[in-house]
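Colleague: Once you've had a glance at the structure underneath, I'll fire off some questions.
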Amino acid sequence: MAYGNKVLDHYENPRNVGSFDKADPSIGTGMVGAPACGDVMKLQIRVNENGVIEEARFKTYGCGSAIASSSLLTEWVKGKTLDEAGQIKNTDIAEELALPPVKIHCSVLAEDAIKAAIADYRKKTGKNESVDAA
Amino acid sequence: MRKPIYLDYSATTPVDPRVAQLMCRYLTMEGDFGNPASRSHAFGWEAEKAVERARAEVAALIHADPKEIVWTSGATESDNLALKGVAHFYQTKGRHIVTVKTEHKAILDTARQLEREGFEVTYLDPEPDGLLDLGRLEAALRKDTILVSVMHVNNEIGVIQDLAAISRIVKPRGIILHSDAAQSAGKIPIDVNALGVDLLSLSAHKVYGPKGIGALYVRRKPRVRLEAQMHGGGHERGMRSGTLATHQIVGMGEAFRLAREEMDAEAARLKRLRVRLLEGLSDIEEVYVNGDLDRRIPGNLNISFNFVEGESLIMALKELAVSSGSACTSASLEPSYVLRALGRNDELAHSSIRFTMGRFTTEEDVEYTIRLLHEKIGRLRELSPLWEMYKDGVDLNSVQWAAH
């Protein structure tokens, strides 16, 4: 697969790799994908009392585009409110990374990951109001 | 050391410089450029002589008679000619064909086409080690079975099927036995009589010859009949028409001659390299060899690095030219059908890398590969949520995955 420079950059120098403590109430965890499909993304966000994402971490099992999509996402969500982060679209990620058509599903997975992380945080804190504009 | 290091000899091989040099003599005005079918002048006679010398070399490598060699454009065409040629010629005798799920697509897609034409095909499952169970083969044979096709060596995992034993089951029933030997020719000894095969597909470019040329061995005693798939000037005793590509044929002949002369020493050298490669990787956790390790050609090692996805590993190994069974390296997004047919789970199929070594692989290349893999596997596992879960003692099979 011949990738663009942005994918290669995120693949070579992934941002915000790591894990937070799942049990911490300020952490939301999203795990999407399946090993059998060849990609699994774990995305975690640390949210402050104002509902702003202070930090994000990821770990991804998958191809170069899947790693790049999740790495990019951790940069994008930082400083955003949960509502703002929930509005990130897979098409934005695909466009930014110039993903080839066969790799669009990697960006879909990244969108699913942030939605899952937000939902997990809301479930933990009992703030169930829907913000999903999608 | 030259980088990237080429470790994909089962995909193709470079043309040996000795072969390339000889081929050049059959192209230009100064050389023997004639049409081997021209009977009226020396240009044709010289070209024909060269073609027949090459035919004898190809026959010699597999212990056949030169008259049993039919030139084709490569192993894919040979497979097509063998399967369709036999099916069409013998269809009044029966319309059932038996093959194996791990065959090359040149066999499987041809078999599918024959199914569309009304033939019935049985696709046998291999054992988990990649080898065919003889009892299973025997049970699949029917009164109307006309052809069994089993590849000699698998292109992905390098395992060697026991063709002689297969022949002992197939031949007494009057069934024709074909084998795709693209991956075995020049790597292990082949004797068509000892193996008891009737048809054998050969390729030049896997044996340090040029691309675009191959051959089909067609047994004469007892005679195997084929219906031609390519019609034209009646070349190759009517089995495959088309002007013979003299320079390509000369290249294949020379490549097969060199293979015959150098095979024993080269096989021993490659075996040492493979043993060293596996030994060098064996201290990495969760590493699985795909396919039987002993009944395998010397230059092949197919390994799954669990919890690391194959395409991302290939990206990390950009100084190595290797291939993967990962879905992401294929256009179809399906992981290797060969590894799946062995019963490997999808994760391990996605995590597989095929290393194939050959004539120009050095010890230094292997040592570099071992060092690079240690470094990159470690880095990718640090990125892998599956590795983290495994290290935390989570049973990945117990996790409810959100499949997409």
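Letters A, B, ... mark the chains of the structure tokens in the order given; residue numbers begin at 1 per chain; ligand numbers begin at 1, in order shown.
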Give me, as an NGL selection string, the residues of chain A touching chain B, with the criterion being at most 10 Å (counting only C-alpha atoms).
Modeller: :A and (1-3 or 8 or 11-12 or 14 or 17-19 or 31-43 or 58-67 or 102-103 or 105 or 108-109)
Colleague: List every residue of chain A that DSSP, applied to the backbone, labels as helix (DSSP H, G or I), and write the result as a ChimeraX atom specification.
Modeller: /A:5-12,35-37,64-77,82-85,90-97,101-125
Colleague: As a tab-separated table (two decimals) with N, CA and C atoms, in the first residue's frame, list the residues of stretch 18-123 of chain B assigned to strand (DSSP E) by DSSP on the backbone atoms of this structure.
Modeller:
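Heads up, here's the output in states_16.tsv:
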```
chain	number	residue	atom	x	y	z
B	69	ILE	N	7.57	-31.96	-23.03
B	69	ILE	CA	7.55	-30.57	-22.55
B	69	ILE	C	6.82	-29.68	-23.56
B	70	VAL	N	5.81	-28.98	-23.09
B	70	VAL	CA	5.05	-28.03	-23.93
B	70	VAL	C	5.30	-26.63	-23.39
B	71	TRP	N	5.79	-25.72	-24.24
B	71	TRP	CA	6.05	-24.36	-23.76
B	71	TRP	C	4.74	-23.60	-23.59
B	72	THR	N	4.68	-22.80	-22.53
B	72	THR	CA	3.51	-21.94	-22.28
B	72	THR	C	4.04	-20.57	-21.84
B	96	HIS	N	-15.95	-35.06	-12.87
B	96	HIS	CA	-15.60	-34.73	-11.48
B	96	HIS	C	-14.10	-34.52	-11.33
B	97	ILE	N	-13.74	-33.45	-10.64
B	97	ILE	CA	-12.33	-33.08	-10.44
B	97	ILE	C	-12.10	-32.88	-8.94
B	98	VAL	N	-10.93	-33.29	-8.47
B	98	VAL	CA	-10.60	-33.12	-7.04
B	98	VAL	C	-9.36	-32.24	-6.92
B	99	THR	N	-9.41	-31.24	-6.04
B	99	THR	CA	-8.23	-30.43	-5.76
B	99	THR	C	-8.25	-30.02	-4.28
B	100	VAL	N	-7.39	-29.08	-3.90
B	100	VAL	CA	-7.22	-28.76	-2.49
B	100	VAL	C	-7.44	-27.26	-2.29
B	120	GLU	N	-18.00	-30.84	-11.84
B	120	GLU	CA	-18.16	-30.83	-10.40
B	120	GLU	C	-16.75	-30.87	-9.78
B	121	VAL	N	-16.49	-30.01	-8.82
B	121	VAL	CA	-15.15	-29.97	-8.23
B	121	VAL	C	-15.25	-30.16	-6.72
B	122	THR	N	-14.41	-31.03	-6.19
B	122	THR	CA	-14.30	-31.20	-4.73
B	122	THR	C	-13.03	-30.50	-4.28
B	123	TYR	N	-13.17	-29.58	-3.31
B	123	TYR	CA	-12.01	-28.84	-2.77
B	123	TYR	C	-11.70	-29.42	-1.39
```
Colleague: Neighbouring residues of B:His247 were defined as those with any atom within 12 Å, considering only C-alpha atoms; residues of the same chain fewer than 5 positions away were excluded. Please report them as a list in words.
Modeller: Val19, Ala20, Gln21, Leu22, Met23, Cys24, Arg25, Tyr26, Leu27, Thr28, Gly31, Asp32, Phe33, Gly34, Asn35, Pro36, Ala47, Glu48, Ala50, Val51, Ala54, Gly209, Pro210, Lys211, Gly212, Ile213, Met252, Gly253 and Glu254 of chain B
Colleague: For the selection you just gave me, I'd like the residues written to a file as a compact mmCIF listing (two decimals), in the first residue's frame, keeping N, CA and C atoms.
Modeller:
```txt
# COMPACT_ATOMS: atom_id res chain seq x y z
N VAL B 19 21.94 -16.20 -17.10
CA VAL B 19 20.76 -16.45 -17.93
C VAL B 19 20.50 -15.23 -18.82
N ALA B 20 20.55 -14.05 -18.22
CA ALA B 20 20.27 -12.82 -18.97
C ALA B 20 21.25 -12.67 -20.14
N GLN B 21 22.51 -12.99 -19.86
CA GLN B 21 23.54 -12.87 -20.88
C GLN B 21 23.24 -13.76 -22.09
N LEU B 22 22.83 -14.97 -21.79
CA LEU B 22 22.53 -15.91 -22.87
C LEU B 22 21.30 -15.48 -23.67
N MET B 23 20.30 -14.98 -22.95
CA MET B 23 19.05 -14.56 -23.61
C MET B 23 19.30 -13.47 -24.65
N CYS B 24 20.22 -12.56 -24.33
CA CYS B 24 20.50 -11.44 -25.22
C CYS B 24 20.96 -11.89 -26.60
N ARG B 25 21.48 -13.11 -26.68
CA ARG B 25 21.99 -13.60 -27.97
C ARG B 25 20.88 -14.07 -28.90
N TYR B 26 19.65 -13.99 -28.44
CA TYR B 26 18.54 -14.49 -29.27
C TYR B 26 17.53 -13.40 -29.61
N LEU B 27 18.01 -12.17 -29.67
CA LEU B 27 17.08 -11.07 -29.89
C LEU B 27 17.40 -10.21 -31.11
N THR B 28 18.68 -9.93 -31.32
CA THR B 28 19.03 -8.91 -32.31
C THR B 28 19.48 -9.52 -33.63
N GLY B 31 22.25 -11.79 -33.51
CA GLY B 31 22.03 -13.04 -32.80
C GLY B 31 21.10 -13.97 -33.57
N ASP B 32 20.65 -15.03 -32.87
CA ASP B 32 19.72 -15.98 -33.49
C ASP B 32 18.30 -15.55 -33.19
N PHE B 33 17.80 -14.61 -33.99
CA PHE B 33 16.48 -14.03 -33.73
C PHE B 33 15.36 -14.75 -34.47
N GLY B 34 15.71 -15.76 -35.26
CA GLY B 34 14.75 -16.36 -36.18
C GLY B 34 13.54 -16.98 -35.51
N ASN B 35 12.55 -17.26 -36.33
CA ASN B 35 11.36 -17.96 -35.85
C ASN B 35 11.63 -19.45 -35.89
N PRO B 36 11.56 -20.12 -34.73
CA PRO B 36 11.89 -21.54 -34.70
C PRO B 36 11.01 -22.37 -35.64
N ALA B 47 17.35 -21.05 -34.41
CA ALA B 47 16.42 -20.78 -33.31
C ALA B 47 15.80 -22.09 -32.82
N GLU B 48 15.46 -22.96 -33.76
CA GLU B 48 14.85 -24.23 -33.37
C GLU B 48 15.83 -25.07 -32.53
N ALA B 50 18.14 -23.95 -30.60
CA ALA B 50 18.22 -23.36 -29.26
C ALA B 50 17.00 -23.77 -28.43
N VAL B 51 15.84 -23.74 -29.06
CA VAL B 51 14.61 -24.12 -28.36
C VAL B 51 14.68 -25.58 -27.91
N ALA B 54 16.97 -26.06 -24.95
CA ALA B 54 16.30 -25.60 -23.73
C ALA B 54 15.27 -26.63 -23.27
N GLY B 209 14.89 -17.52 -13.92
CA GLY B 209 14.69 -17.31 -15.35
C GLY B 209 13.77 -16.11 -15.55
N PRO B 210 13.44 -15.82 -16.81
CA PRO B 210 12.61 -14.64 -17.09
C PRO B 210 11.12 -14.89 -16.81
N LYS B 211 10.38 -13.81 -16.61
CA LYS B 211 8.92 -13.89 -16.51
C LYS B 211 8.34 -14.09 -17.91
N GLY B 212 7.13 -14.64 -17.95
CA GLY B 212 6.46 -14.77 -19.24
C GLY B 212 6.76 -16.06 -19.98
N ILE B 213 7.41 -17.00 -19.31
CA ILE B 213 7.66 -18.30 -19.95
C ILE B 213 7.51 -19.41 -18.91
N MET B 252 14.75 -19.89 -19.90
CA MET B 252 14.20 -20.92 -19.00
C MET B 252 15.10 -22.16 -19.01
N GLY B 253 15.57 -22.52 -20.19
CA GLY B 253 16.44 -23.70 -20.29
C GLY B 253 17.71 -23.51 -19.49
N GLU B 254 18.34 -22.35 -19.66
CA GLU B 254 19.59 -22.08 -18.94
C GLU B 254 19.34 -22.01 -17.43
```
Colleague: Applying 7 Å and only C-alpha atoms, which residues near A:Ile27 remain after dropping the ones on its own chain fewer than 4 positions away? List them as a PyMOL selection string.
Modeller: chain A and resi 22+44-47+121
Colleague: Which residues are close to B:Ala111, i.e. within 8 Å by only C-alpha atoms, leaving aside same-chain residues fewer than 4 positions away? Reply as a ChimeraX atom specification.
Modeller: /B:83,107,115,121
Colleague: Can you tell me, as a count of residues only, what residues are no more than 8 Å from A:Glu96 when counting only C-alpha atoms, ignoring any on the same chain fewer than 3 positions away?
Modeller: 3
Colleague: Could you tell me how far atom CA of B:Val170 sits from atom CA of B:Ala87, in Å to one decimal place?
Modeller: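 Distance between the two atoms: 16.2 Å.
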